[in-house]
$ cat entry.tsv   # TSV, C-alpha atoms
chain	number	residue	atom	x	y	z
N	1067	MET	CA	-1.10	5.09	13.52
N	1068	ARG	CA	1.73	2.59	13.93
N	1069	LYS	CA	0.16	0.29	11.36
N	1070	GLN	CA	-0.19	3.20	8.91
N	1071	LEU	CA	3.47	4.16	9.42
N	1072	TYR	CA	4.51	0.55	8.78
N	1073	ILE	CA	2.46	0.46	5.59
N	1074	ILE	CA	3.87	3.79	4.38
N	1075	THR	CA	7.44	2.69	5.15
N	1076	THR	CA	6.90	-0.59	3.33
N	1077	LEU	CA	5.51	1.25	0.31
N	1078	PHE	CA	8.52	3.55	0.29
N	1079	LEU	CA	10.99	0.70	0.40
N	1080	PHE	CA	9.39	-1.79	-1.96
N	1081	GLY	CA	7.43	0.52	-4.23
N	1082	TYR	CA	10.23	2.97	-4.91
N	1083	SER	CA	10.68	1.86	-8.52
N	1084	LEU	CA	7.24	3.20	-9.40
N	1085	SER	CA	8.29	6.83	-9.00
N	1086	MET	CA	12.05	6.66	-8.56
N	1087	ALA	CA	14.20	9.61	-9.61
N	1088	GLN	CA	17.92	8.82	-9.65
N	1089	ASP	CA	20.38	11.46	-8.53
N	1090	ASN	CA	24.01	10.69	-7.73
N	1091	ASN	CA	24.40	13.64	-5.36
N	1092	PRO	CA	23.14	12.71	-1.89
N	1093	PHE	CA	21.77	15.75	-0.15
N	1094	ILE	CA	21.40	14.56	3.45
N	1095	LEU	CA	22.75	11.05	4.03
N	1096	LYS	CA	26.47	10.42	4.17
N	1097	THR	CA	27.46	6.76	3.99
N	1098	PRO	CA	30.39	4.73	2.66
N	1099	THR	CA	30.81	4.93	-1.11
N	1100	ASP	CA	29.93	1.26	-1.61
N	1101	TRP	CA	26.38	1.81	-0.32
N	1102	ARG	CA	23.77	2.11	-3.10
N	1103	TYR	CA	22.01	5.47	-3.26
N	1104	GLU	CA	18.44	6.13	-4.36
N	1105	LYS	CA	16.19	9.16	-4.25
N	1106	ILE	CA	12.40	9.24	-4.50
N	1107	ASP	CA	10.61	12.49	-5.22
N	1108	LEU	CA	7.42	13.38	-3.39
N	1109	PRO	CA	4.47	13.38	-3.94
N	1110	LEU	CA	4.27	9.69	-4.75
N	1111	ASP	CA	2.26	8.55	-7.76
N	1112	PHE	CA	1.25	5.32	-6.02
N	1113	ALA	CA	0.10	7.03	-2.77
N	1114	PRO	CA	-1.85	10.15	-3.77
N	1115	SER	CA	-3.41	10.56	-0.32
N	1116	ILE	CA	0.06	11.37	1.07
N	1117	ASN	CA	0.16	14.88	-0.28
N	1118	TYR	CA	3.64	16.16	0.65
N	1119	ASN	CA	6.30	17.78	-1.50
N	1120	GLY	CA	9.94	16.89	-1.00
N	1121	PHE	CA	12.02	13.74	-1.37
N	1122	GLU	CA	13.24	10.59	0.31
N	1123	GLU	CA	16.88	9.52	0.29
N	1124	LEU	CA	17.75	5.87	0.78
N	1125	ARG	CA	21.08	4.10	1.22
N	1126	PHE	CA	21.41	0.33	0.99
N	1127	ALA	CA	24.40	-1.49	2.46
N	1128	PRO	CA	26.28	-4.02	0.32
N	1129	GLY	CA	24.49	-7.32	0.84
N	1130	MET	CA	21.17	-5.64	1.63
N	1131	PHE	CA	19.22	-8.27	-0.33
N	1132	ASP	CA	21.54	-11.25	0.32
N	1133	ARG	CA	20.21	-13.37	3.20
N	1134	GLU	CA	23.68	-14.78	3.84
N	1135	ALA	CA	25.38	-11.37	4.05
N	1136	GLU	CA	26.41	-9.82	7.34
N	1137	LYS	CA	24.56	-6.60	6.41
N	1138	TYR	CA	21.39	-8.28	5.18
N	1139	PHE	CA	18.49	-5.83	5.25
N	1140	THR	CA	20.69	-2.94	6.40
N	1141	TYR	CA	19.59	0.43	5.10
N	1142	VAL	CA	19.02	4.02	6.16
N	1143	PHE	CA	16.54	6.54	4.86
N	1144	VAL	CA	15.41	10.07	5.55
N	1145	ILE	CA	12.42	12.01	4.28
N	1146	SER	CA	12.68	15.74	3.61
N	1147	ILE	CA	9.29	17.48	3.46
N	1148	GLU	CA	9.12	21.06	2.20
N	1149	GLU	CA	5.99	22.04	4.14
N	1150	VAL	CA	5.80	22.57	7.87
N	1151	VAL	CA	4.10	19.45	9.20
N	1152	ILE	CA	2.76	19.16	12.72
N	1153	LEU	CA	2.59	15.54	13.84
N	1154	SER	CA	0.29	14.54	16.64
N	1155	LYS	CA	-0.82	11.35	18.24
N	1156	GLN	CA	-4.38	10.61	17.25
N	1157	LYS	CA	-6.46	7.98	18.99
N	1158	THR	CA	-8.49	5.75	16.71

$ encode --input "entry.tsv" --output "structure tokens"
Amino acid sequence: MRKQLYIITTLFLFGYSLSMAQDNNPFILKTPTDWRYEKIDLPLDFAPSINYNGFEELRFAPGMFDREAEKYFTYVFVISIEEVVILSKQKT
């Protein structure tokens, strides 16, 4: 399960341009104005087996992709899913 979550998170962060929908009105996350905002609508075209409706909001700190920056790889994200989802720990 942990490996699947890592893969899903990685797809969200690095595959966002495949189905990105820009919106300049953050709905959930409140961050400083110099943080870059992105929104990804669900379901995702590149991950059809993840069949949820909703969206993901991301905020990237200035210097997010600059290895020399103090805030290198600093970001926050939240996923809003419209359906009621019951998560459980499943042994594999």

$ closest_atom_pairs --input "entry.tsv" --of "stretch 1091-1113 of chain N" --to "stretch 1122-1146 of chain N" --cutoff "8 Å" --atoms "all atoms listed in the file" --output "tab-separated table"
residue	atom	partner	partner_atom	distance
N:Pro1092	CA	N:Glu1123	CA	7.4
N:Phe1093	CA	N:Glu1123	CA	7.9
N:Ile1094	CA	N:Glu1123	CA	7.5
N:Leu1095	CA	N:Glu1123	CA	7.1
N:Thr1097	CA	N:Arg1125	CA	7.4
N:Asp1100	CA	N:Pro1128	CA	6.7
N:Trp1101	CA	N:Ala1127	CA	4.7
N:Arg1102	CA	N:Phe1126	CA	5.0
N:Tyr1103	CA	N:Arg1125	CA	4.8
N:Glu1104	CA	N:Leu1124	CA	5.2
N:Lys1105	CA	N:Glu1123	CA	4.6
N:Ile1106	CA	N:Glu1122	CA	5.1
N:Asp1107	CA	N:Glu1122	CA	6.4
N:Leu1108	CA	N:Glu1122	CA	7.4

$ atom_distance --input "entry.tsv" --atom1 "atom CA of N:Phe1112" --atom2 "atom CA of N:Gln1156"
24.5 Å

$ residues_around --input "entry.tsv" --residues "N:Asn1117" --least-positions-apart "3" --cutoff "12 Å" --atoms "only C-alpha atoms" --output "list in words"
Asp1107, Leu1108, Pro1109, Leu1110, Asp1111, Phe1112, Ala1113, Pro1114, Gly1120, Phe1121, Ile1147, Glu1148, Glu1149 and Val1151 of chain N
